[in-house]
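Novice: run_36.txt (compact mmCIF, C-alpha atoms and all ligand atoms) pasted underneath:
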# COMPACT_ATOMS: atom_id res chain seq x y z
CA MET A 1 -12.01 20.45 -7.79
CA ALA A 2 -10.51 17.04 -8.49
CA ASN A 3 -11.05 13.91 -6.44
CA THR A 4 -8.23 11.48 -7.01
CA ILE A 5 -7.67 7.85 -6.14
CA LEU A 6 -4.00 7.04 -5.79
CA VAL A 7 -3.10 3.38 -6.33
CA GLY A 8 0.07 1.35 -6.46
CA ALA A 9 0.35 -0.19 -9.93
CA GLN A 10 2.90 -2.89 -9.09
CA TRP A 11 3.44 -5.04 -5.96
CA GLY A 12 3.34 -2.28 -3.35
CA ASP A 13 6.11 -0.02 -2.04
CA GLU A 14 5.89 2.19 -5.12
CA GLY A 15 6.47 5.35 -3.08
CA LYS A 16 2.81 6.11 -2.46
CA GLY A 17 3.48 7.80 0.92
CA LYS A 18 5.76 10.41 -0.58
CA ILE A 19 3.45 11.16 -3.51
CA ILE A 20 0.44 11.47 -1.18
CA ASP A 21 2.40 13.90 0.97
CA VAL A 22 3.26 16.03 -2.06
CA LEU A 23 -0.32 16.01 -3.39
CA THR A 24 -1.83 16.76 0.01
CA GLU A 25 -0.60 20.31 -0.31
CA GLN A 26 -3.59 20.76 -2.68
CA ALA A 27 -6.10 18.29 -1.21
CA ASP A 28 -8.40 18.96 1.75
CA VAL A 29 -9.18 15.43 2.88
CA VAL A 30 -7.02 12.28 2.68
CA VAL A 31 -8.70 8.88 3.00
CA ARG A 32 -7.31 5.39 3.59
CA SER A 33 -9.82 2.79 2.43
CA GLN A 34 -8.25 -0.67 2.60
CA GLY A 35 -5.39 -2.65 4.06
CA GLY A 36 -4.04 -2.19 7.54
CA ALA A 37 -0.72 -2.00 9.31
CA ASN A 38 0.77 -4.21 6.59
CA ALA A 39 1.29 -0.94 4.70
CA GLY A 40 4.41 1.09 5.37
CA HIS A 41 4.30 4.58 3.90
CA THR A 42 7.50 6.54 4.27
CA VAL A 43 7.43 10.33 4.17
CA ARG A 44 10.44 12.59 4.58
CA VAL A 45 9.78 16.11 5.85
CA GLY A 46 13.01 18.09 6.13
CA ALA A 47 15.39 15.95 8.17
CA LYS A 48 12.58 13.93 9.77
CA GLU A 49 11.40 10.59 8.42
CA TYR A 50 7.95 9.24 9.24
CA ILE A 51 6.75 5.70 8.56
CA LEU A 52 2.96 5.49 8.65
CA HIS A 53 1.08 2.22 8.68
CA LEU A 54 -2.57 3.07 9.36
CA ILE A 55 -2.80 6.84 9.56
CA PRO A 56 -3.06 8.59 6.18
CA SER A 57 0.15 10.32 5.11
CA GLY A 58 -1.85 13.55 4.82
CA ILE A 59 -1.55 13.88 8.61
CA LEU A 60 1.88 15.46 8.14
CA ARG A 61 0.35 18.56 6.49
CA ARG A 62 -1.12 20.93 9.01
CA GLY A 63 -4.87 21.50 8.76
CA LYS A 64 -5.65 18.56 6.47
CA VAL A 65 -8.39 16.15 7.50
CA CYS A 66 -7.59 12.42 7.45
CA LEU A 67 -10.13 9.62 7.40
CA ILE A 68 -9.51 5.92 8.03
CA GLY A 69 -12.38 4.37 6.10
CA ASN A 70 -14.61 1.37 6.69
CA GLY A 71 -12.51 -0.87 4.43
CA VAL A 72 -9.40 -0.65 6.61
CA VAL A 73 -8.63 -3.30 9.25
CA ILE A 74 -7.32 -1.79 12.44
CA ASN A 75 -5.16 -3.12 15.20
CA PRO A 76 -6.06 -0.63 17.94
CA THR A 77 -2.75 -1.06 19.77
CA SER A 78 -0.75 -0.42 16.58
CA LEU A 79 -2.86 2.66 15.97
CA VAL A 80 -2.24 3.97 19.48
CA GLY A 81 1.48 3.34 18.93
CA GLU A 82 1.35 5.37 15.75
CA LEU A 83 -0.49 8.20 17.50
CA ASP A 84 2.19 8.20 20.21
CA GLY A 85 4.92 8.34 17.56
CA LEU A 86 3.29 11.37 15.95
CA LYS A 87 2.83 13.06 19.31
CA GLN A 88 6.52 12.59 20.03
CA LYS A 89 7.34 14.26 16.74
CA LYS A 90 4.92 17.08 17.63
CA VAL A 91 2.34 16.33 14.94
CA ASN A 92 -1.04 17.44 16.22
CA VAL A 93 -3.87 15.15 15.10
CA LYS A 94 -6.68 16.59 17.20
CA GLY A 95 -9.80 17.47 15.22
CA ARG A 96 -8.40 16.16 11.96
CA LEU A 97 -8.17 12.39 12.26
CA TYR A 98 -11.31 10.25 12.17
CA ILE A 99 -11.71 6.47 12.14
CA SER A 100 -14.73 4.74 10.65
CA ASP A 101 -16.97 3.04 13.19
CA LYS A 102 -17.50 0.35 10.54
CA ALA A 103 -13.81 -0.53 10.20
CA HIS A 104 -12.99 -4.05 11.39
CA LEU A 105 -10.55 -4.86 14.17
CA VAL A 106 -7.40 -6.92 13.89
CA MET A 107 -7.26 -9.09 17.01
CA PRO A 108 -4.36 -10.92 18.69
CA TYR A 109 -5.90 -14.23 17.62
CA HIS A 110 -5.73 -13.09 13.99
CA ARG A 111 -1.96 -12.79 14.24
CA GLU A 112 -1.68 -16.18 15.89
CA LEU A 113 -3.96 -17.81 13.29
CA GLU A 114 -1.91 -16.26 10.51
CA ALA A 115 1.35 -17.52 12.00
CA CYS A 116 -0.17 -21.02 12.14
CA ALA A 117 -1.42 -20.82 8.54
CA GLU A 118 1.96 -19.68 7.24
CA ARG A 119 3.74 -22.41 9.22
CA ILE A 120 1.44 -25.09 7.81
CA LYS A 121 2.07 -23.87 4.24
CA GLY A 122 5.82 -24.46 4.71
CA LYS A 123 7.79 -23.50 1.62
CA ASN A 124 4.59 -22.44 -0.14
CA LYS A 125 3.95 -19.74 2.45
CA ILE A 126 2.74 -16.35 1.22
CA GLY A 127 5.40 -14.47 3.16
CA THR A 128 2.85 -12.15 4.74
CA THR A 129 3.72 -9.27 7.05
CA LEU A 130 2.25 -11.33 9.96
CA ARG A 131 0.08 -8.40 11.00
CA GLY A 132 -3.10 -10.53 11.12
CA ILE A 133 -4.50 -8.91 7.98
CA GLY A 134 -5.74 -12.05 6.18
CA PRO A 135 -7.58 -13.59 9.16
CA ALA A 136 -9.13 -10.19 10.05
CA TYR A 137 -10.59 -9.81 6.55
CA GLY A 138 -11.55 -13.49 6.73
CA ASP A 139 -13.69 -12.80 9.82
CA LYS A 140 -15.18 -9.74 8.13
CA ILE A 141 -16.31 -11.82 5.14
CA ALA A 142 -17.43 -14.69 7.38
CA ARG A 143 -19.48 -12.13 9.35
CA THR A 144 -17.79 -12.92 12.63
CA GLY A 145 -15.65 -9.79 12.89
CA LEU A 146 -15.60 -7.08 15.52
CA ARG A 147 -15.69 -3.46 14.42
CA MET A 148 -14.56 -0.12 15.81
CA ALA A 149 -18.18 0.44 16.84
CA ASP A 150 -17.90 -2.65 19.06
CA LEU A 151 -14.58 -1.51 20.50
CA VAL A 152 -15.96 1.79 21.74
CA ASP A 153 -19.21 0.23 22.99
CA THR A 154 -17.49 -0.28 26.34
CA LYS A 155 -20.58 -1.70 28.08
CA ASN A 156 -20.68 -4.75 25.81
CA LEU A 157 -17.04 -5.04 24.81
CA GLU A 158 -16.00 -7.55 27.47
CA ALA A 159 -18.79 -10.01 26.61
CA ARG A 160 -18.12 -9.74 22.90
CA LEU A 161 -14.41 -10.29 23.36
CA ARG A 162 -15.03 -13.28 25.61
CA THR A 163 -17.13 -15.02 22.95
CA ARG A 164 -14.76 -14.29 20.08
CA VAL A 165 -11.60 -15.23 21.99
CA ARG A 166 -13.19 -18.53 22.99
CA GLU A 167 -14.18 -19.33 19.39
CA ALA A 168 -10.83 -18.28 17.95
CA ASN A 169 -8.88 -20.29 20.53
CA ARG A 170 -10.67 -23.45 19.41
CA LEU A 171 -9.32 -22.89 15.91
CA ILE A 172 -5.87 -21.97 17.17
CA LYS A 173 -5.71 -25.19 19.18
CA ALA A 174 -6.76 -27.23 16.16
CA PHE A 175 -3.86 -25.63 14.25
CA GLY A 176 -1.41 -26.42 17.08
CA GLY A 177 -0.92 -22.75 17.90
CA LYS A 178 -0.76 -20.83 21.18
CA ALA A 179 -4.15 -19.83 22.63
CA VAL A 180 -4.54 -16.12 23.41
CA PRO A 181 -5.43 -15.33 27.04
CA PHE A 182 -8.80 -13.57 27.32
CA LYS A 183 -7.78 -11.30 30.20
CA ALA A 184 -4.76 -9.91 28.38
CA VAL A 185 -6.88 -9.23 25.28
CA ASN A 186 -9.60 -7.58 27.34
CA ASP A 187 -7.11 -5.35 29.18
CA GLU A 188 -5.29 -4.36 26.01
CA TYR A 189 -8.41 -3.62 23.97
CA SER A 190 -10.29 -1.75 26.71
CA LYS A 191 -7.29 0.47 27.20
CA ALA A 192 -6.97 1.16 23.47
CA ALA A 193 -10.73 1.79 23.30
CA ARG A 194 -10.50 4.64 25.82
CA ARG A 195 -7.72 6.26 23.82
CA LEU A 196 -9.35 5.85 20.40
CA LYS A 197 -12.96 6.70 21.27
CA PRO A 198 -12.66 10.43 20.45
CA PHE A 199 -11.53 9.60 16.92
CA VAL A 200 -14.29 7.15 16.02
CA ALA A 201 -16.94 8.60 13.71
CA ASN A 202 -19.26 8.01 10.80
CA THR A 203 -16.60 8.75 8.19
CA THR A 204 -18.93 7.96 5.28
CA LYS A 205 -21.10 10.90 6.29
CA MET A 206 -18.03 13.07 6.80
CA LEU A 207 -16.80 12.16 3.31
CA HIS A 208 -20.15 13.16 1.79
CA ASP A 209 -20.25 16.41 3.75
CA ALA A 210 -16.78 17.17 2.35
CA LEU A 211 -17.88 16.33 -1.20
CA ALA A 212 -20.95 18.53 -0.84
CA ALA A 213 -18.74 21.38 0.35
CA LYS A 214 -16.63 20.91 -2.83
CA LYS A 215 -13.58 19.84 -0.87
CA GLU A 216 -10.85 18.01 -2.73
CA VAL A 217 -10.50 14.39 -1.64
CA LEU A 218 -7.45 12.19 -2.13
CA PHE A 219 -7.58 8.43 -1.58
CA GLU A 220 -4.36 6.88 -0.34
CA GLY A 221 -4.13 3.35 -1.69
CA ALA A 222 -2.13 0.76 0.20
CA GLN A 223 -0.29 -2.20 -1.30
CA GLY A 224 -0.39 -2.51 -5.09
CA THR A 225 -2.45 -3.86 -7.97
CA TYR A 226 -0.77 -7.28 -8.07
CA LEU A 227 -1.45 -7.78 -4.36
CA ASP A 228 -5.19 -7.26 -4.97
CA ILE A 229 -7.26 -10.21 -3.75
CA ASP A 230 -9.11 -10.38 -7.11
CA GLN A 231 -6.72 -8.87 -9.68
CA GLY A 232 -3.39 -9.89 -8.16
CA THR A 233 -1.11 -12.91 -8.40
CA TYR A 234 -3.39 -15.09 -6.26
CA PRO A 235 -2.76 -16.67 -3.77
CA PHE A 236 0.37 -14.53 -3.30
CA VAL A 237 -1.68 -11.43 -2.56
CA THR A 238 -3.05 -9.49 0.37
CA SER A 239 -6.68 -9.87 1.50
CA SER A 240 -8.20 -6.62 0.27
CA ASN A 241 -9.05 -4.88 -3.00
CA THR A 242 -6.03 -2.67 -3.55
CA THR A 243 -7.29 -1.50 -6.96
CA SER A 244 -9.28 1.70 -7.46
CA GLY A 245 -12.69 0.08 -6.88
CA GLY A 246 -11.58 -0.73 -3.33
CA ALA A 247 -11.26 2.98 -2.60
CA CYS A 248 -15.00 3.33 -3.27
CA THR A 249 -16.28 0.34 -1.32
CA GLY A 250 -13.80 1.00 1.46
CA SER A 251 -14.99 4.54 2.10
CA GLY A 252 -18.48 5.04 0.67
CA MET A 253 -17.19 7.07 -2.29
CA PRO A 254 -19.48 6.80 -5.33
CA PRO A 255 -17.49 5.92 -8.51
CA ASN A 256 -19.01 8.80 -10.47
CA LYS A 257 -17.49 11.36 -8.07
CA VAL A 258 -13.95 10.19 -8.88
CA ASP A 259 -12.12 12.51 -11.29
CA HIS A 260 -8.70 10.89 -11.63
CA VAL A 261 -6.92 7.66 -10.88
CA LEU A 262 -3.24 8.27 -10.31
CA GLY A 263 -1.01 5.23 -10.62
CA VAL A 264 2.22 5.25 -8.69
CA ILE A 265 4.99 3.16 -10.23
CA LYS A 266 8.65 2.67 -9.57
CA ALA A 267 10.96 3.15 -12.55
CA TYR A 268 11.82 -0.52 -11.98
CA THR A 269 9.91 -3.22 -10.04
CA THR A 270 10.10 -4.63 -6.51
CA ARG A 271 8.15 -7.18 -4.51
CA VAL A 272 8.35 -8.42 -0.90
CA GLY A 273 7.23 -11.87 0.18
CA GLY A 274 6.62 -14.94 -1.97
CA GLY A 275 4.98 -15.29 -5.37
CA PRO A 276 5.78 -14.97 -9.05
CA PHE A 277 7.79 -12.02 -10.35
CA PRO A 278 8.62 -12.33 -14.07
CA THR A 279 11.25 -9.58 -14.35
CA GLU A 280 13.11 -10.37 -11.11
CA ASP A 281 16.84 -9.89 -11.56
CA ASP A 282 19.49 -10.35 -8.88
CA ASP A 283 21.97 -7.98 -10.50
CA ILE A 284 19.70 -4.94 -10.27
CA GLY A 285 18.69 -6.19 -6.80
CA ASP A 286 22.33 -6.35 -5.59
CA MET A 287 22.98 -2.89 -6.99
CA LEU A 288 19.95 -1.35 -5.24
CA HIS A 289 20.65 -3.12 -1.93
CA ASN A 290 24.28 -1.97 -2.07
CA MET A 291 22.97 1.58 -2.47
CA GLY A 292 21.09 0.98 0.82
CA ARG A 293 17.74 0.95 -0.98
CA GLU A 294 14.83 -1.44 -1.13
CA PHE A 295 14.42 -2.67 2.40
CA GLY A 296 10.81 -3.06 3.61
CA ALA A 297 9.36 -0.19 5.69
CA THR A 298 7.12 -2.54 7.70
CA THR A 299 9.23 -5.68 8.12
CA GLY A 300 12.77 -4.55 7.17
CA ARG A 301 13.04 -7.46 4.72
CA PRO A 302 15.17 -6.82 1.61
CA ARG A 303 12.79 -6.37 -1.30
CA ARG A 304 13.11 -8.54 -4.39
CA CYS A 305 14.01 -6.34 -7.37
CA GLY A 306 13.65 -6.49 -11.13
CA TRP A 307 13.17 -4.56 -14.37
CA PHE A 308 10.14 -2.50 -15.28
CA ASP A 309 7.33 -4.75 -16.49
CA ALA A 310 5.25 -2.97 -19.11
CA VAL A 311 2.92 -5.96 -19.56
CA ALA A 312 1.87 -6.07 -15.91
CA THR A 313 1.76 -2.30 -15.52
CA ARG A 314 -0.36 -1.77 -18.63
CA GLN A 315 -2.86 -4.30 -17.31
CA ALA A 316 -2.77 -2.50 -13.95
CA ALA A 317 -3.59 0.76 -15.72
CA GLN A 318 -6.59 -0.93 -17.34
CA VAL A 319 -8.10 -2.44 -14.20
CA ASN A 320 -7.64 0.76 -12.20
CA GLY A 321 -8.50 3.25 -14.92
CA ILE A 322 -5.18 5.01 -14.42
CA ASP A 323 -5.02 8.29 -16.35
CA GLN A 324 -2.11 9.89 -14.52
CA LEU A 325 1.25 8.52 -13.44
CA ALA A 326 3.73 9.30 -10.73
CA ILE A 327 7.05 7.60 -11.51
CA THR A 328 9.26 7.24 -8.46
CA ASN A 329 12.79 6.08 -7.63
CA ILE A 330 14.09 7.25 -11.00
CA ASP A 331 17.39 8.05 -9.28
CA GLY A 332 17.75 4.35 -8.39
CA LEU A 333 18.64 3.75 -12.04
CA ASP A 334 21.16 6.62 -12.30
CA LYS A 335 24.24 4.39 -12.39
CA LEU A 336 23.14 1.79 -14.92
CA PRO A 337 24.70 1.68 -18.41
CA GLU A 338 21.63 -0.14 -19.78
CA ILE A 339 18.04 -0.46 -18.60
CA ARG A 340 15.70 -3.24 -19.61
CA VAL A 341 11.92 -3.11 -19.98
CA CYS A 342 9.71 -6.16 -20.36
CA MET A 343 7.49 -5.57 -23.41
CA ALA A 344 5.77 -8.98 -23.68
CA TYR A 345 5.82 -12.42 -22.10
CA LYS A 346 6.51 -15.77 -23.71
CA LEU A 347 4.51 -18.60 -22.21
CA ARG A 348 5.23 -22.09 -23.55
CA GLY A 349 6.55 -20.59 -26.79
CA LYS A 350 3.58 -18.26 -27.33
CA THR A 351 3.89 -14.46 -27.04
CA ILE A 352 1.26 -12.95 -24.72
CA ASP A 353 0.47 -9.39 -23.58
CA TYR A 354 -1.37 -10.08 -20.32
CA VAL A 355 -0.63 -11.55 -16.91
CA PRO A 356 -1.77 -15.18 -16.76
CA THR A 357 -4.26 -16.24 -14.09
CA ILE A 358 -2.39 -19.15 -12.55
CA SER A 359 0.65 -18.37 -10.41
CA GLY A 360 2.48 -21.40 -11.81
CA ASP A 361 2.08 -19.91 -15.32
CA ILE A 362 3.31 -16.50 -14.20
CA GLU A 363 6.36 -18.28 -12.73
CA GLN A 364 7.00 -19.77 -16.16
CA VAL A 365 6.68 -16.71 -18.39
CA LYS A 366 9.87 -15.47 -20.05
CA PRO A 367 10.06 -11.69 -20.34
CA VAL A 368 10.76 -10.26 -23.80
CA TYR A 369 13.00 -7.27 -23.11
CA GLU A 370 13.76 -4.06 -24.91
CA THR A 371 16.99 -2.36 -23.82
CA PHE A 372 17.23 1.38 -23.26
CA PRO A 373 20.52 3.27 -22.85
CA GLY A 374 21.12 4.41 -19.26
CA TRP A 375 21.72 8.10 -18.52
CA GLN A 376 24.53 7.54 -15.97
CA THR A 377 23.98 10.99 -14.51
CA ASP A 378 22.91 12.03 -11.01
CA THR A 379 19.24 13.04 -11.30
CA THR A 380 18.64 13.82 -7.63
CA LYS A 381 19.09 17.58 -7.96
CA ALA A 382 16.89 18.12 -11.00
CA LYS A 383 14.24 20.79 -10.44
CA THR A 384 12.35 20.65 -13.72
CA TRP A 385 11.57 18.05 -16.38
CA LYS A 386 14.13 19.77 -18.65
CA ASP A 387 16.85 19.26 -16.00
CA LEU A 388 16.53 15.49 -16.38
CA PRO A 389 19.03 13.91 -18.79
CA PRO A 390 17.48 13.39 -22.27
CA LYS A 391 17.97 9.62 -21.98
CA ALA A 392 16.02 9.58 -18.72
CA ARG A 393 13.18 11.59 -20.26
CA ARG A 394 13.11 9.23 -23.23
CA TYR A 395 12.92 6.21 -20.91
CA LEU A 396 10.13 7.70 -18.79
CA GLN A 397 8.09 8.84 -21.80
CA ALA A 398 8.48 5.39 -23.34
CA ILE A 399 7.08 3.63 -20.30
CA ALA A 400 4.22 6.15 -20.01
CA LYS A 401 3.36 5.49 -23.66
CA MET A 402 3.32 1.72 -23.10
CA ILE A 403 0.90 2.22 -20.21
CA ASP A 404 -1.13 4.83 -22.07
CA ALA A 405 -1.17 7.38 -19.26
CA LYS A 406 0.24 10.85 -18.76
CA ILE A 407 3.16 11.49 -16.42
CA LEU A 408 2.09 13.94 -13.73
CA ILE A 409 5.02 13.54 -11.36
CA ALA A 410 8.61 12.35 -11.68
CA SER A 411 10.27 11.67 -8.33
CA ILE A 412 14.03 11.63 -7.93
CA GLY A 413 14.44 11.18 -4.18
CA PRO A 414 12.54 10.96 -0.90
CA ALA A 415 12.45 14.71 -0.13
CA ARG A 416 9.50 16.95 -0.95
CA ASN A 417 11.67 19.10 -3.20
CA GLN A 418 12.84 16.09 -5.18
CA THR A 419 9.56 16.11 -7.05
CA ILE A 420 9.07 17.28 -10.61
CA PHE A 421 5.61 18.18 -11.90
CA VAL A 422 5.71 17.32 -15.59
P1 LIG B 501 2.55 -0.70 1.03
O1 LIG B 501 1.25 0.01 1.29
C1 LIG B 501 4.54 -4.35 -0.27
C2 LIG B 501 2.69 -8.17 0.81
C3 LIG B 501 3.40 -9.06 1.79
C4 LIG B 501 2.97 -10.43 1.28
C5 LIG B 501 1.53 -10.18 0.85
C6 LIG B 501 0.48 -10.57 1.87
O2 LIG B 501 3.68 -0.27 1.87
O3 LIG B 501 2.87 -0.67 -0.43
P2 LIG B 501 -0.32 -9.45 4.14
O4 LIG B 501 0.44 -9.19 5.41
O5 LIG B 501 -0.90 -8.22 3.53
O6 LIG B 501 -1.32 -10.54 4.27
O7 LIG B 501 0.81 -10.02 3.14
O8 LIG B 501 1.43 -8.80 0.59
N1 LIG B 501 2.42 -6.78 1.27
C7 LIG B 501 3.07 -5.70 0.83
N2 LIG B 501 4.12 -5.59 -0.01
N3 LIG B 501 3.98 -3.23 0.23
C8 LIG B 501 2.92 -3.31 1.06
O9 LIG B 501 2.24 -2.22 1.48
C9 LIG B 501 2.44 -4.59 1.43
N4 LIG B 501 1.44 -5.04 2.23
C10 LIG B 501 1.44 -6.37 2.11
O10 LIG B 501 4.79 -8.89 1.72
O11 LIG B 501 3.71 -10.77 0.14
MG MG B 502 5.65 0.19 1.84
In structure tokens, what does this structure look like?
Specialist:
Amino acid sequence: MANTILVGAQWGDEGKGKIIDVLTEQADVVVRSQGGANAGHTVRVGAKEYILHLIPSGILRRGKVCLIGNGVVINPTSLVGELDGLKQKKVNVKGRLYISDKAHLVMPYHRELEACAERIKGKNKIGTTLRGIGPAYGDKIARTGLRMADLVDTKNLEARLRTRVREANRLIKAFGGKAVPFKAVNDEYSKAARRLKPFVANTTKMLHDALAAKKEVLFEGAQGTYLDIDQGTYPFVTSSNTTSGGACTGSGMPPNKVDHVLGVIKAYTTRVGGGPFPTEDDDIGDMLHNMGREFGATTGRPRRCGWFDAVATRQAAQVNGIDQLAITNIDGLDKLPEIRVCMAYKLRGKTIDYVPTISGDIEQVKPVYETFPGWQTDTTKAKTWKDLPPKARRYLQAIAKMIDAKILIASIGPARNQTIFV
């Protein structure tokens, strides 16, 4: 019985959705514990592609139970939209999807406040997904948030919404934004409340019942280590703890019941939005975009691309306690004659082996690269580790060694059968 926390070890979009889907074949319960609809987890099942934002990717495996934990921020209308999408694709969620009554709500005024904040920042904007994530977590920390428990408390909902909309509109006006009309908010949220009520539950208790029954639990991280509010490239981060500790606080999981932390990494690096990115390289970016890859699943923006960064990823392994690795998008490198890996940084002439604290310093670091020969072979049909070209195996083993973790999975395409257990 192994309970595993899956985390992104870079800047998000590491391929977590696909790996979760593969691992869910074994697991009994899949839990989301932080983030919100800023996440975009893509899963391919046969010819069908699903993009999930709030609902755990485990929902695509029949019979598996999915929990949206207390640490997630939920836009009820987005969630209803996602439920409708699954219904259309004939995925039955009844009796196997539960939403924490403690999870906070993302409100229309959060989106408006975020748009104002980004506008005011001008060229220093974070480049957020504009899903209202930051302001929703802000209200949670400021103790002015509304929770799922409030949403389904239909008797008191209208009064609560009235107060919060009034308060938020004062701020919006001060920012020069567009006030949100109370009636529209009330109509929208009461409607969503009726639809979501059957799913709302005490998921902490459900998690502990599952643990007591020796069920296997898998935590589906969203975003990545360098978007973590504490460990990431602040302020160019998201507003939650995306590292493994967040899975515990965001669900009620005790740390000593966690057996493994699985880090998902791309065989190269990508990032969406603003912020420092030491190994960014337009040539590898142009190549990947020309292959039709690396466009955001949530916003459609082209992702910034670069070489694998062993300095950042090793540090990610440390802060998360990563003992297992899933390396994805290996096939993205199939055509390259040479592949570079950043082994150290140079900052103002000094060699360093950690990610500096200040964003301005991270902007300034010069990567020290080691070059590996490319395999220039199509890997997408490999079935076993031995089927991979020797140069690809050497590259993957080298990066695993730098990170000091064991490769569990090598992924060579979006399909379930493009997955090699090492
Ligand atoms: P998944 O789960 C990649 C980025 C945004 C922006 C910053 C803050 O698919 O890996 P936010 O809207 O969260 O306040 O934006 O974080 N970001 C992501 N980047 N993958 C994600 O999720 C992301 N979620 C947020 O682009 O730079
Ligand atoms: Mg994504």
Novice: Closest to ligand LIG 501 (chain B) among A:Thr269, A:Thr233, A:Thr238, A:Asn329, using only C-alpha atoms and all ligand atoms?
Specialist: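 Under the stated criterion, the closest residue is A:Thr238.
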Novice: Taking all atoms listed in the file into account, name the residue in A:Leu97, A:Ala2, A:Ala115, A:Leu86 that is nearest to ligand LIG 501 (chain B).
Specialist: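 When distances to ligand LIG 501 (chain B) are compared using all atoms listed in the file, the smallest one comes from A:Ala115.
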Novice: Can you tell me which residues come within 6 Å of ligand LIG 501 (chain B) when counting only C-alpha atoms and all ligand atoms, ideally as a list of chain:residue names?
Specialist: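 Going residue by residue within 6 Å of ligand LIG 501 (chain B), we get A:Trp11, A:Gly12, A:Asp13, A:Asn38, A:Ala39, A:Gly40, A:His41, A:Ile126, A:Gly127, A:Thr128, A:Thr129, A:Leu130, A:Arg131, A:Ile133, A:Gly134, A:Ala222, A:Gln223, A:Gly224, A:Leu227, A:Val237, A:Thr238, A:Val272, A:Gly273, A:Gly274.
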Novice: Would you tabulate, counting only C-alpha atoms, all residues of segment 194-301 of chain A that have an atom at most 7 Å from an atom of segment 342-362 of chain A, showing the closest pair of atoms and their distance in Å to one decimal, sorted by chain then ascending number, as a Markdown table?
Specialist:
| residue | atom | partner | partner_atom | distance |
| --- | --- | --- | --- | --- |
| A:Thr233 | CA | A:Ser359 | CA | 6.1 |
| A:Tyr234 | CA | A:Ser359 | CA | 6.7 |
| A:Pro276 | CA | A:Ile362 | CA | 5.9 |
| A:Pro278 | CA | A:Ile362 | CA | 6.8 |
Novice: I'd like the interatomic distance between atom CA of Thr204 of chain A and atom CA of Ala316 of chain A, to a tenth of an Å.
Specialist: 27.2 Å
Novice: Which is closest to ligand MG 502 (chain B) among A:Leu218, A:Ile51, A:Val365, A:Ala400, if we use all atoms listed in the file?
Specialist: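 The answer is A:Ile51, which sits nearest to ligand MG 502 (chain B).
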Novice: Quick one, how far is atom CA of Gln324 of chain A from atom CA of Phe219 of chain A?
Specialist: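 Separation of atom CA of Gln324 of chain A and atom CA of Phe219 of chain A: 14.1 Å.
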